[in-house]
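Data block for final_8.cif (mmCIF, C-alpha atoms):
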```cif
data_work
loop_
_atom_site.label_atom_id
_atom_site.label_comp_id
_atom_site.auth_asym_id
_atom_site.auth_seq_id
_atom_site.Cartn_x
_atom_site.Cartn_y
_atom_site.Cartn_z
CA MET A 182 83.09 114.17 113.94
CA SER A 183 84.79 116.13 111.18
CA ARG A 184 83.01 118.96 109.43
CA PRO A 185 81.92 118.11 105.87
CA ARG A 186 84.52 118.92 103.23
CA GLN A 187 83.68 121.89 101.08
CA PRO A 188 83.25 121.30 97.34
CA TYR A 189 85.91 122.21 94.80
CA ASP A 190 83.55 124.36 92.75
CA GLY A 191 85.02 126.68 90.15
CA VAL A 192 88.43 124.98 89.88
CA ALA A 193 89.78 123.69 86.56
CA LEU A 194 92.66 121.31 85.78
CA VAL A 195 94.35 121.94 82.44
CA ALA A 196 97.46 121.33 80.34
CA PRO A 197 98.49 117.81 81.45
CA VAL A 198 102.05 117.03 80.33
CA SER A 199 104.29 113.98 80.64
CA VAL A 200 107.95 114.32 79.71
CA PRO A 201 108.96 110.99 78.06
CA TYR A 202 110.77 108.82 80.59
CA GLN A 203 114.35 107.60 80.27
CA ARG A 204 115.84 104.62 82.08
CA TYR A 205 118.92 106.64 83.11
CA SER A 206 119.78 110.32 82.77
CA ILE A 207 122.80 112.52 83.37
CA GLU A 208 120.51 115.55 83.73
CA THR A 209 119.49 116.92 87.12
CA ALA A 210 116.00 116.81 88.62
CA HIS A 211 115.91 120.55 87.99
CA TRP A 212 116.20 119.92 84.24
CA TRP A 213 113.35 117.40 84.22
CA ILE A 214 111.11 119.65 86.31
CA ALA A 215 111.83 122.60 84.03
CA ARG A 216 110.92 120.59 80.94
CA ALA A 217 107.58 119.54 82.41
CA LEU A 218 106.77 123.06 83.57
CA ARG A 219 107.65 124.55 80.19
CA GLY A 220 105.53 121.94 78.41
CA SER A 221 102.50 122.63 80.57
CA LEU A 222 102.81 126.41 80.21
CA GLN A 223 103.21 126.10 76.44
CA ALA A 224 100.18 123.79 76.21
CA ALA A 225 98.13 126.48 77.96
CA GLY A 226 99.59 129.38 75.98
CA LEU A 227 101.08 130.91 79.13
CA ARG A 228 104.35 132.61 79.99
CA PRO A 229 106.30 131.94 83.20
CA THR A 230 105.29 135.40 84.43
CA ASP A 231 101.62 134.33 84.25
CA LEU A 232 102.29 131.73 86.94
CA ASP A 233 101.81 132.80 90.56
CA GLY A 234 101.68 129.43 92.29
CA LEU A 235 103.94 126.38 92.30
CA SER A 236 103.56 122.95 93.92
CA LEU A 237 106.57 120.67 93.61
CA ALA A 238 107.38 117.04 94.40
CA SER A 239 110.84 115.51 93.94
CA PHE A 240 113.23 113.17 95.74
CA THR A 241 116.41 114.00 93.82
CA LEU A 242 116.12 117.80 93.87
CA PHE A 243 118.20 117.77 97.08
CA PRO A 244 119.83 119.94 98.37
CA ASP A 245 117.30 122.30 96.78
CA THR A 246 113.60 122.47 97.56
CA ALA A 247 110.72 124.26 95.85
CA VAL A 248 112.20 127.54 97.08
CA GLY A 249 115.49 126.87 95.33
CA ILE A 250 113.78 125.93 92.08
CA THR A 251 112.09 129.33 91.92
CA GLN A 252 115.51 130.94 91.60
CA HIS A 253 116.76 128.34 89.13
CA LEU A 254 113.75 128.93 86.89
CA GLY A 255 113.26 132.64 87.47
CA LEU A 256 109.80 132.34 89.02
CA THR A 257 108.20 134.71 91.54
CA PRO A 258 105.17 132.85 92.94
CA ARG A 259 102.99 134.25 95.70
CA TRP A 260 102.01 130.71 96.73
CA LEU A 261 104.50 127.85 97.07
CA ASP A 262 104.33 124.24 98.26
CA HIS A 263 106.82 121.37 98.48
CA LEU A 264 105.37 117.88 98.94
CA PRO A 265 107.61 115.05 100.19
CA MET A 266 104.78 112.49 100.02
CA GLY A 267 105.84 110.19 97.21
CA GLY A 268 103.01 108.34 95.52
CA ALA A 269 100.33 110.42 97.23
CA ALA A 270 101.89 113.75 96.23
CA GLY A 271 99.84 114.22 93.08
CA ILE A 272 96.47 114.03 94.83
CA ILE A 273 97.67 116.21 97.71
CA ALA A 274 99.14 118.78 95.31
CA LEU A 275 95.81 118.88 93.50
CA ARG A 276 93.86 119.42 96.72
CA ARG A 277 96.07 122.17 98.08
CA ALA A 278 96.41 124.00 94.77
CA ALA A 279 92.65 123.89 94.26
CA ARG A 280 92.04 125.43 97.68
CA ALA A 281 94.62 128.14 96.97
CA VAL A 282 92.86 129.06 93.73
CA GLN A 283 89.47 129.04 95.46
CA ALA A 284 90.78 131.32 98.20
CA GLY A 285 92.44 133.73 95.78
CA ASP A 286 95.89 132.99 97.16
CA ALA A 287 96.95 132.18 93.59
CA ASP A 288 95.37 132.47 90.18
CA ILE A 289 97.36 129.87 88.26
CA VAL A 290 99.26 127.09 90.06
CA ALA A 291 101.63 124.66 88.34
CA CYS A 292 101.73 121.22 89.96
CA VAL A 293 104.97 119.53 88.92
CA ALA A 294 106.81 116.35 89.91
CA GLY A 295 110.07 115.09 88.51
CA ASP A 296 113.21 113.15 89.30
CA THR A 297 116.39 112.11 87.63
CA ASN A 298 117.88 108.60 87.73
CA ARG A 299 121.62 108.14 87.53
CA ILE A 300 123.29 104.75 87.82
CA ASP A 301 123.45 104.85 91.63
CA SER A 302 120.52 107.17 92.38
CA PHE A 303 118.10 104.53 93.64
CA ARG A 304 120.52 102.98 96.14
CA GLN A 305 121.40 106.41 97.52
CA LEU A 306 117.73 107.29 97.86
CA LEU A 307 116.94 104.08 99.74
CA SER A 308 119.84 104.47 102.14
CA SER A 309 118.53 107.78 103.45
CA PHE A 310 114.81 107.56 102.65
CA SER A 311 113.67 107.93 106.27
CA ARG A 312 114.98 107.67 109.81
CA PHE A 313 113.49 104.17 109.97
CA ALA A 314 115.41 103.23 106.83
CA MET A 315 118.67 104.70 108.15
CA ASP A 316 118.45 103.13 111.61
CA ALA A 317 116.37 99.98 111.40
CA SER A 318 116.37 98.66 107.84
CA TYR A 319 119.20 99.63 105.53
CA PRO A 320 122.14 98.79 107.87
CA TYR A 321 120.85 95.21 108.13
CA GLY A 322 120.52 94.60 104.38
CA PHE A 323 116.78 95.26 104.25
CA GLY A 324 117.42 98.11 101.90
CA GLY A 325 114.37 98.67 99.74
CA PRO A 326 110.68 98.21 99.12
CA ASN A 327 110.93 94.79 97.42
CA ALA A 328 111.28 92.93 100.71
CA ASN A 329 108.54 94.98 102.39
CA PHE A 330 106.06 94.34 99.63
CA ALA A 331 107.06 90.70 99.35
CA LEU A 332 105.92 90.22 102.94
CA LEU A 333 102.72 92.14 102.27
CA THR A 334 102.05 90.20 99.05
CA ASP A 335 102.62 86.87 100.77
CA ARG A 336 100.23 87.77 103.59
CA TYR A 337 97.61 88.97 101.12
CA MET A 338 97.87 85.68 99.22
CA GLN A 339 97.47 83.65 102.40
CA GLU A 340 94.62 85.77 103.70
CA TYR A 341 92.52 86.04 100.54
CA GLY A 342 93.59 83.18 98.28
CA ALA A 343 95.19 85.34 95.62
CA THR A 344 97.60 83.65 93.21
CA ARG A 345 100.57 84.98 91.31
CA ALA A 346 98.48 84.66 88.15
CA ASP A 347 95.98 87.13 89.65
CA PHE A 348 98.71 89.71 90.11
CA GLY A 349 99.97 88.84 86.65
CA ARG A 350 96.65 89.80 85.08
CA ILE A 351 97.18 93.36 86.31
CA CYS A 352 100.74 93.49 84.97
CA VAL A 353 99.86 91.97 81.58
CA ALA A 354 96.92 94.36 81.08
CA GLN A 355 99.06 97.36 81.98
CA ARG A 356 101.73 96.27 79.52
CA GLN A 357 99.07 96.14 76.80
CA ASN A 358 98.08 99.68 77.74
CA ALA A 359 101.71 100.81 77.76
CA LEU A 360 102.22 99.54 74.21
CA ARG A 361 99.73 102.22 73.16
CA ASN A 362 101.68 104.91 75.04
CA PRO A 363 104.64 106.32 73.07
CA GLY A 364 106.21 107.65 76.30
CA ALA A 365 106.22 104.36 78.22
CA VAL A 366 109.54 102.76 79.12
CA MET A 367 108.41 99.17 78.53
CA LYS A 368 107.99 98.49 74.80
CA LYS A 369 107.79 94.69 74.60
CA PRO A 370 104.56 92.68 74.94
CA LEU A 371 104.17 90.65 78.13
CA THR A 372 102.27 87.37 78.38
CA LEU A 373 100.97 85.74 81.54
CA ASP A 374 103.38 82.83 81.01
CA GLN A 375 106.32 85.25 80.79
CA TYR A 376 105.13 86.95 83.97
CA LEU A 377 104.91 83.62 85.83
CA ASP A 378 108.32 82.46 84.57
CA ALA A 379 110.16 85.68 85.47
CA ARG A 380 113.17 85.54 87.74
CA PRO A 381 112.42 85.87 91.46
CA ILE A 382 113.26 89.11 93.27
CA ALA A 383 111.91 88.59 96.81
CA ASP A 384 109.55 85.64 97.08
CA PRO A 385 106.71 85.78 96.03
CA ILE A 386 107.62 88.94 94.07
CA ALA A 387 109.29 88.42 90.70
CA LEU A 388 110.69 90.73 88.04
CA PHE A 389 107.46 92.04 86.52
CA ASP A 390 105.92 92.83 89.92
CA CYS A 391 108.47 95.61 90.39
CA VAL A 392 108.50 99.10 88.95
CA MET A 393 111.40 100.29 86.83
CA PRO A 394 113.12 103.37 88.37
CA CYS A 395 113.75 105.94 85.67
CA ALA A 396 113.97 109.68 85.01
CA GLY A 397 111.01 111.79 83.98
CA ALA A 398 108.50 114.43 84.97
CA GLU A 399 104.76 115.19 85.00
CA ALA A 400 102.84 118.45 85.29
CA PHE A 401 99.42 120.09 85.09
CA LEU A 402 97.97 123.52 85.86
CA VAL A 403 95.23 124.54 88.28
CA MET A 404 93.17 127.68 87.61
CA THR A 405 89.57 128.86 87.77
CA VAL A 406 87.00 127.44 85.38
CA ASP A 407 86.38 130.98 84.14
CA GLU A 408 90.07 131.37 83.29
CA ALA A 409 90.15 128.03 81.45
CA ILE A 410 87.08 129.01 79.42
CA ARG A 411 88.53 132.43 78.66
CA ARG A 412 91.68 130.80 77.32
CA ASP A 413 89.67 128.14 75.44
CA LEU A 414 91.44 125.30 77.26
CA PRO A 415 89.98 121.79 77.67
CA TYR A 416 89.56 121.30 81.41
CA ALA A 417 88.62 118.80 84.08
CA THR A 418 86.95 119.61 87.38
CA ILE A 419 87.24 117.99 90.81
CA ALA A 420 84.08 116.17 91.86
CA GLY A 421 85.65 115.22 95.19
CA SER A 422 88.94 114.38 96.87
CA ILE A 423 90.25 112.85 100.10
CA GLU A 424 93.55 112.24 101.88
CA ARG A 425 94.59 110.40 105.03
CA HIS A 426 97.92 109.66 106.75
CA ASN A 427 99.08 106.86 109.07
CA ALA A 428 95.68 105.15 108.96
CA HIS A 429 95.07 101.82 110.72
CA ALA A 430 98.41 102.09 112.52
CA ASP A 431 97.56 99.12 114.76
CA ASP A 432 97.15 96.67 111.87
CA PRO A 433 100.01 94.16 112.16
CA ILE A 434 100.50 94.29 108.38
CA GLN A 435 99.03 96.70 105.86
CA LEU A 436 96.18 95.02 104.00
CA ARG A 437 94.05 98.18 103.85
CA GLY A 438 94.76 101.87 103.46
CA GLY A 439 93.43 105.21 104.57
CA TRP A 440 90.89 105.31 101.73
CA THR A 441 88.61 103.10 103.83
CA LEU A 442 88.08 105.92 106.34
CA ASP A 443 86.84 108.47 103.81
CA ILE A 444 85.61 106.65 100.70
CA ASP A 445 81.91 107.07 101.47
CA GLU A 446 82.37 110.81 101.80
CA LEU A 447 84.26 110.90 98.50
CA TYR A 448 81.39 109.30 96.61
CA GLN A 449 78.93 111.53 98.43
CA MET A 450 80.88 114.64 97.41
CA ALA A 451 81.02 113.46 93.81
CA ASP A 452 77.37 112.36 93.79
CA CYS A 453 78.26 109.07 92.17
CA ALA A 454 78.96 105.41 92.92
CA PRO A 455 81.73 102.99 91.89
CA GLY A 456 79.66 101.78 88.96
CA ASP A 457 79.64 105.30 87.50
CA ILE A 458 83.45 105.50 87.19
CA ASP A 459 84.66 105.21 83.59
CA LEU A 460 88.30 104.47 84.42
CA LEU A 461 90.53 103.96 87.45
CA GLN A 462 94.14 105.04 87.92
CA THR A 463 95.73 103.40 90.98
CA TYR A 464 99.21 103.86 92.37
CA ASP A 465 100.94 100.68 91.24
CA ASP A 466 104.43 100.24 92.57
CA TYR A 467 103.43 96.57 93.06
CA PRO A 468 100.27 94.84 91.79
CA VAL A 469 99.13 93.91 95.31
CA ILE A 470 98.78 97.63 96.07
CA SER A 471 96.49 98.06 93.07
CA MET A 472 94.38 95.16 94.35
CA MET A 473 94.19 96.79 97.76
CA GLN A 474 93.00 100.02 96.19
CA ILE A 475 90.37 98.31 94.03
CA GLU A 476 88.91 96.97 97.27
CA ASP A 477 89.33 100.01 99.49
CA LEU A 478 87.87 102.33 96.83
CA GLY A 479 84.67 100.31 96.82
CA PHE A 480 84.81 98.40 93.54
CA CYS A 481 84.58 95.10 95.42
CA ALA A 482 84.68 93.86 99.00
CA LYS A 483 87.91 93.27 100.92
CA GLY A 484 89.59 90.12 99.68
CA GLU A 485 87.58 89.98 96.45
CA ALA A 486 90.02 91.80 94.16
CA PRO A 487 91.61 88.56 92.91
CA GLN A 488 88.23 87.42 91.57
CA PHE A 489 87.54 90.95 90.33
CA VAL A 490 90.62 90.99 88.09
CA ARG A 491 89.75 87.50 86.82
CA ASP A 492 86.29 88.72 85.82
CA HIS A 493 87.24 92.06 84.22
CA ASP A 494 89.29 93.32 81.27
CA LEU A 495 91.63 96.02 82.61
CA THR A 496 92.85 97.29 79.23
CA VAL A 497 91.96 100.58 77.56
CA THR A 498 89.20 98.89 75.53
CA GLY A 499 88.03 96.61 78.36
CA ASP A 500 85.07 96.81 80.72
CA PHE A 501 87.22 98.18 83.58
CA PRO A 502 90.00 100.40 82.14
CA HIS A 503 92.79 100.59 84.70
CA ASN A 504 96.09 102.49 84.57
CA THR A 505 95.49 103.32 80.94
CA SER A 506 98.95 104.75 80.18
CA GLY A 507 100.62 101.59 81.49
CA GLY A 508 101.00 102.91 85.01
CA GLN A 509 104.35 102.68 86.71
CA LEU A 510 104.71 98.93 86.21
CA SER A 511 105.07 99.40 82.45
CA GLY A 512 105.35 103.16 82.02
CA GLY A 513 108.15 103.55 84.56
CA GLN A 514 108.54 105.13 88.00
CA ALA A 515 110.22 108.51 87.72
CA GLY A 516 110.59 109.02 91.46
CA ALA A 517 108.00 111.43 92.83
CA ALA A 518 106.48 111.70 89.36
CA GLY A 519 105.09 108.22 90.05
CA GLY A 520 102.54 109.94 92.26
CA PHE A 521 101.47 112.12 89.32
CA ILE A 522 101.40 109.66 86.41
CA GLY A 523 97.83 108.45 87.00
CA LEU A 524 96.50 111.92 87.74
CA VAL A 525 97.99 113.49 84.62
CA GLU A 526 96.62 110.61 82.54
CA ALA A 527 93.18 111.00 84.14
CA ILE A 528 93.09 114.69 83.18
CA ARG A 529 93.97 113.71 79.61
CA GLN A 530 91.27 111.05 79.61
CA VAL A 531 88.31 113.13 80.78
CA THR A 532 89.31 116.02 78.50
CA GLY A 533 89.63 113.76 75.46
CA GLN A 534 93.37 114.36 75.04
CA ALA A 535 94.71 110.85 75.74
CA GLY A 536 95.27 109.98 72.09
CA PRO A 537 96.18 106.29 71.64
CA THR A 538 95.28 105.43 75.24
CA GLN A 539 91.91 107.22 75.14
CA VAL A 540 88.99 105.36 76.74
CA ALA A 541 85.84 105.83 74.70
CA ASP A 542 83.35 108.29 76.23
CA ALA A 543 85.48 108.79 79.37
CA ARG A 544 83.87 111.47 81.50
CA LEU A 545 84.43 110.35 85.11
CA ALA A 546 87.81 109.14 86.34
CA MET A 547 89.02 108.07 89.77
CA VAL A 548 92.68 108.47 90.74
CA SER A 549 94.26 107.15 93.93
CA GLY A 550 97.66 107.76 95.49
CA PHE A 551 99.74 105.77 97.97
CA GLY A 552 103.10 106.87 99.27
CA MET A 553 106.00 106.94 101.69
CA ILE A 554 106.73 103.37 102.70
CA ASN A 555 108.17 103.90 106.16
CA TYR A 556 109.67 100.73 107.62
CA ASP A 557 106.66 98.44 107.15
CA ARG A 558 103.81 100.34 105.46
CA GLY A 559 102.83 103.24 103.25
CA LEU A 560 101.75 106.21 105.34
CA CYS A 561 100.03 108.51 102.82
CA THR A 562 96.84 107.83 100.89
CA GLY A 563 94.64 110.02 98.73
CA ALA A 564 92.02 109.82 96.01
CA ALA A 565 90.12 112.12 93.68
CA ILE A 566 87.27 111.85 91.22
CA LEU A 567 87.66 114.05 88.14
CA LYS A 568 84.94 115.10 85.75
CA GLY A 569 85.12 116.10 82.12
CA GLU A 570 82.81 118.63 80.55
CA GLY A 571 79.30 117.25 80.29
CA ALA A 572 79.76 114.68 83.07
#
```
Mind converting the file's structure to structure tokens?
Amino acid sequence: MSRPRQPYDGVALVAPVSVPYQRYSIETAHWWIARALRGSLQAAGLRPTDLDGLSLASFTLFPDTAVGITQHLGLTPRWLDHLPMGGAAGIIALRRAARAVQAGDADIVACVAGDTNRIDSFRQLLSSFSRFAMDASYPYGFGGPNANFALLTDRYMQEYGATRADFGRICVAQRQNALRNPGAVMKKPLTLDQYLDARPIADPIALFDCVMPCAGAEAFLVMTVDEAIRRDLPYATIAGSIERHNAHADDPIQLRGGWTLDIDELYQMADCAPGDIDLLQTYDDYPVISMMQIEDLGFCAKGEAPQFVRDHDLTVTGDFPHNTSGGQLSGGQAGAAGGFIGLVEAIRQVTGQAGPTQVADARLAMVSGFGMINYDRGLCTGAAILKGEGA
């Protein structure tokens, strides 16, 4: 039995910033990270010298790491973290930074993720993504996540009766949300018929099931509630958070994630239930993964997500707002920043700063992360429930 997790009392999340994504960029990851960090510091009225903690996630920063970026940007943090955990990096950065602030190891931590995307960046990333990829997948032509998630999607459809139209409802709703977001990559409306008629990529996955790799960056700051109040900054707090790695390793194919092992404790920490959540931000590299999260996070039973998306409106103005900025499927996947996009949007939402994507009266948001597809499954999962003032 694990000891109960301690609460995240006294920790504030402020200054959420998204650097507008670009399909391709000649700039380095360093440049994108620097832009996001500068934007977040400026939003909080801070100078770089006020920062004494840094958490960083990036795939294309190589050969540098978080240590190297401190010299590039002239930072002198007393607390430093580098998170190679892909789509779960945002939640894990949040958790670690919050504990550092609680412990006094840092006063103000910047959590930043960013990547560039040159013409050949994605192929190079896939070829050396992991030892499994280098030895057992890429040399045999099985070079990326499309094939992995095609197998997973096909099994999910067979197991639970999901149809392509069910996945399409997620994609169409997220495109509607993205049309409200000036920073989203996808700017054209998407109908369900267009989704169903899209060219195949890896059966049953077609074009609009896949994220668009791009360049971009996301950032937010972690500090004490007292500091946020002193600086008159809108802030969110952490009602609860969980993470888990390599869960259900004996499952022949991944139809559930590590959230299932800790979700009850998450709701207990946050003193709420699924019905209390005002909006959900899931990691959405493929729509089947969003369905899996809707189930594993307790919004419906396993296998019932197809009916759930038929019965609910997932748009900003709907009865179940989901991935309100457009998520990755319509906003774009800027490498490791894909693990931050939902979290940064959730902070905006519960602090009333989301602008055109704002959900009315949003006070309680859930964010989930999923990352590091290693041969046949994603290894990292995390989730957090954020509260706005008055929640």
Two-atom distance - CA of Leu388 (chain A), CA of Tyr376 (chain A) (Å):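 Atom-to-atom, CA of Leu388 (chain A) and CA of Tyr376 (chain A) are spaced 7.9 Å apart.
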Tell me which of A:Gly295, A:Gly271, A:Gly255, A:Pro229 sits closest to His211 (chain A), counting only C-alpha atoms. A:Gly295
Residue nearest Ile423 (chain A) - candidates A:Gln474, A:Thr209, A:Thr538, A:Thr562, atoms counted: only C-alpha atoms: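 Checking each candidate against Ile423 (chain A), we get A:Thr562 as the closest.
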Compile the contact shell of Asp233 (chain A) as JSON, numbers by chain: residues with an atom at most 7 Å away, counting all atoms listed in the file, same-chain residues fewer than 5 positions apart removed. {"A": [257, 258, 259, 260, 287, 288, 289, 290]}
Please save C-alpha atoms of the selected residues as a PDB file, in the frame of the given file.
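Contents of the output file again.pdb:
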```pdb
ATOM      1  CA  THR A 257     108.200 134.710  91.540  1.00  0.00           C
ATOM      2  CA  PRO A 258     105.170 132.850  92.940  1.00  0.00           C
ATOM      3  CA  ARG A 259     102.990 134.250  95.700  1.00  0.00           C
ATOM      4  CA  TRP A 260     102.010 130.710  96.730  1.00  0.00           C
ATOM      5  CA  ALA A 287      96.950 132.180  93.590  1.00  0.00           C
ATOM      6  CA  ASP A 288      95.370 132.470  90.180  1.00  0.00           C
ATOM      7  CA  ILE A 289      97.360 129.870  88.260  1.00  0.00           C
ATOM      8  CA  VAL A 290      99.260 127.090  90.060  1.00  0.00           C
TER       9      VAL A 290
END
```
Find the residues around Thr405 (chain A) up to 6 Å (only C-alpha atoms counted), leave out those fewer than 5 positions away in its own chain, and share them as an MDAnalysis selection string. chainID A and resid 191:193
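Distance check against Leu373 (chain A) using all atoms listed in the file: of A:Val353, A:Leu478, A:Cys395, A:Leu264, the minimum falls on A:Val353.
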Closest to Leu545 (chain A) among A:Pro502, A:Gly569, A:Gly513, A:Pro415, using all atoms listed in the file?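 Smallest separation from Leu545 (chain A) among the options: A:Gly569.
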Just want the 6 Å neighbourhood of Ala217 (chain A), counted on all atoms listed in the file, with same-chain residues fewer than 3 positions away dropped. Output as an NGL selection string. :A and (200 or 214 or 220 or 398-400)
What does the file look like for those residues with C-alpha atoms, as a PDB file, keeping the file's coordinate frame?
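Written out: again.pdb:
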```
ATOM      1  CA  VAL A 200     107.950 114.320  79.710  1.00  0.00           C
ATOM      2  CA  ILE A 214     111.110 119.650  86.310  1.00  0.00           C
ATOM      3  CA  GLY A 220     105.530 121.940  78.410  1.00  0.00           C
ATOM      4  CA  ALA A 398     108.500 114.430  84.970  1.00  0.00           C
ATOM      5  CA  GLU A 399     104.760 115.190  85.000  1.00  0.00           C
ATOM      6  CA  ALA A 400     102.840 118.450  85.290  1.00  0.00           C
TER       7      ALA A 400
END
```
Go ahead and compute the interatomic distance for CA of Ser236 (chain A) and CA of Met367 (chain A), in Å to one decimal. 28.7 Å
Could you expand the PyMOL selection byres ((chain A and resi 456) around 10) into the explicit residues it covers here, written as number ranges by chain? A: 453-455, 457-459, 479-480, 501
Work out how far apart CA of Thr498 (chain A) and CA of Arg529 (chain A) are and give it in Å to one decimal.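 It comes out at 16.1 Å.
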Need to verify the contact set: Asn427 (chain A), 9 Å, only C-alpha atoms, exclusion of same-chain residues closer than 6 positions in sequence. Can you return it as a list in words? Gly438, Gly439, Arg558, Gly559, Leu560, Cys561 and Thr562 of chain A
Nearest residue to Ser239 (chain A) from the set A:Phe521, A:Phe330, A:Phe551, A:Tyr337 (distances using all atoms listed in the file):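 Answer, going by the shortest atom-to-atom distance: A:Phe521.
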Which is closest to Thr441 (chain A) among A:Gly421, A:Gly563, A:Gly268, A:Gly234, if we use only C-alpha atoms?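 Among the listed residues, the smallest separation from Thr441 (chain A) belongs to A:Gly563.
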Resolved residues for the PyMOL selection byres ((chain A and resi 464) around 6) as JSON, numbers by chain: {"A": [463, 465, 550, 551]}
Counting only C-alpha atoms, write as a ChimeraX atom specification all protein and nucleic acid residues lying at most 9 Å from (99.7, 104.1, 84.9) in the file's frame. /A:355,358-359,462-465,503-513,519,522-524,526
Kindly provide, as AutoDock Vina command-line options, the centre and edge lengths (Å, one decimal) of an axis-aligned box around all atoms of region 513-516 of chain A given in the file, with 3 Å on each side.
```
--center_x 109.4 --center_y 106.3 --center_z 88.0 --size_x 8.4 --size_y 11.5 --size_z 12.9
```
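Near Ala535 (chain A), within 12 Å and counting only C-alpha atoms, sit Ala196, Pro197, Val198, Ser199, Asn358, Arg361, Asn362, Pro363, Gly364, Val497, Thr505, Ser506, Gly523, Val525, Glu526, Ala527, Ile528, Arg529, Gln530, Val531, Thr532, Thr538, Gln539, Val540, Ala541, Asp542 and Ala543 of chain A; same-chain residues fewer than 3 positions away were not included.
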